[in-house]
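Scroll down for the structure; my scribbles are underneath it.
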Amino acid sequence: TYVAITISKEQLNEAAERVAQRPDLATRVSVVFCDYRDASAEHGQFDRVLSCEMIEAVGHEFLPGYFAAIHACLKGGGAAALQIITVPDGRYPSYVKGSDFIRKHIFPGSSLVCVQAVKDALPKLGSLALRLDDAATESLGLSYARTLHAWRRRFDAREDEVDALGFDAAFRRKWRYYLDYCEAGFAARHIDVLQIRLKKTDESLAVEATEGAHGGTPASFKDAAIKAVKGVATAAFEKGLLPDAATRYGIRRLSAQQLRHCDDA
């Protein structure tokens, strides 16, 4: 079964209506109104998670919480596929401190990411590890440039319909500039769109990571006891056995730890 989440009532209604029109999907797909931070508490865990160009609406400071939520939704050994729009790593520090046409006029409050920011924000705590599969990363930037060019042509060809919807000449000029602006950015590789895969560490890898932290030497009784308690708590957290309040608390704690990790880095 598949569960799609959204916080847009309009999108919820549209998607639910489309699914209802497909008898082959109606019993396998559900569309629900749900904040991604509550997804695991309300809907449990899954083998796979898909997030397509949603990360741009999260914001740099909230990336650890975003990835913690993805981690909480994944079963051990599961994987997440993300499509993300990125800026080069070297330009990211100045990018997050500034603004531009897109963030002012098209998507207020949005923020692109870079690959290093993704890596820095991933959970890395023993069995809570979520790892980027670098070999699976695929760039679609040049293809996106061609797509934007096609969108611009189609927009121009249906200008009368756009006008009939109540969008004035000022809006049409702004929208054309937006499409051309993005086409040029992708074509010049000033920005890119990537498809990436994240893999959740399974229990056997988690044990190896924990033992490796002791440098191969036997752990003390205290270390062993802490490890056992953490293992039980983590397993309950990952299987959705904890109360909703405890699950949300765990996600917030993991987010806070990752934020400190980003600050230290």
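We name chains A, B, ... following the order of the structure tokens; residues begin at 1 in each chain, and ligands are numbered from 1 as shown.
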Residues within 12 Å of Glu159 of chain A, only C-alpha atoms, excluding chain neighbours under 4 positions, as an MDAnalysis selection string: chainID A and resid 152:155 163:169 171:173 175:176
Contact residues around Ile191 of chain A with only C-alpha atoms at 8 Å, ignoring same-chain residues under 3 positions, as a ChimeraX atom specification: /A:85-88,141,185-186,188
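Across A:Val49, A:Ala157, A:Ala170, A:Glu61, the tightest approach to Arg197 of chain A is made by A:Val49 when counting only C-alpha atoms.
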Mind dumping a table of every segment 40-118 of chain A residue within 12 Å of segment 33-36 of chain A, with the nearest atom pair and its distance in Å to one decimal, using only C-alpha atoms, sorted by chain and rising number, as CSV?
residue,atom,partner,partner_atom,distance
A:Ser40,CA,A:Tyr36,CA,8.1
A:Ala41,CA,A:Tyr36,CA,9.9
A:Glu42,CA,A:Cys34,CA,8.3
A:His43,CA,A:Cys34,CA,9.5
A:Gly44,CA,A:Tyr36,CA,11.9
A:Val49,CA,A:Tyr36,CA,11.3
A:Leu50,CA,A:Tyr36,CA,11.7
A:Ser51,CA,A:Tyr36,CA,10.2
A:Met54,CA,A:Tyr36,CA,10.3
A:Ile55,CA,A:Tyr36,CA,11.1
A:Ala57,CA,A:Tyr36,CA,11.9
A:Val58,CA,A:Tyr36,CA,10.5
A:Gly65,CA,A:Tyr36,CA,9.9
A:Tyr66,CA,A:Tyr36,CA,7.9
A:Phe67,CA,A:Tyr36,CA,10.2
A:Ala68,CA,A:Tyr36,CA,10.3
A:Ala69,CA,A:Tyr36,CA,6.8
A:Ile70,CA,A:Tyr36,CA,8.2
A:His71,CA,A:Tyr36,CA,11.4
A:Ala72,CA,A:Tyr36,CA,10.4
A:Cys73,CA,A:Tyr36,CA,9.4
Which of segment 13-140 of chain A DSSP labels helix (DSSP H, G or I), written as a PyMOL selection string: chain A and resi 13-20+23-26+36-43+55-57+60-73+89-97+101-106+115-121+126-128+134-136
Residue set, segment 12-222 of chain A restricted to strand (DSSP E), as a PyMOL selection string: chain A and resi 29-33+46-52+74-86+130-132+138-139+192-200
Residues near segment 2-19 of chain A, cut-off 6 Å, only C-alpha atoms, skip fewer than 5 positions along chain, as a list in words: Ala26, Val29, Ser30, Val31, Val32, Phe33 and Cys34 of chain A
A:Thr1, A:Cys114, A:Ala145, A:Arg28 ranked by distance to Gly90 of chain A, top pick (using only C-alpha atoms):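 Closest candidate: A:Cys114.
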Contacts of Val118 of chain A within 9 Å, only C-alpha atoms, excl. fewer than 6 positions in-chain, as number ranges by chain: A: 63-64, 67, 132
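A straight line drawn from atom CA of Pro93 of chain A to atom CA of Lys174 of chain A is 27.5 Å long.
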One-decimal distance in Å that lies between atom CA of Asp89 of chain A and atom CA of Gln116 of chain A: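 Taking atom CA of Gln116 of chain A and atom CA of Asp89 of chain A, their separation equals 6.2 Å.
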Shortest interatomic distance to Arg91 of chain A - which of A:Val115, A:Lys200, A:Ser139, A:Leu74, counting only C-alpha atoms: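 Distance minimum relative to Arg91 of chain A lands on A:Val115.
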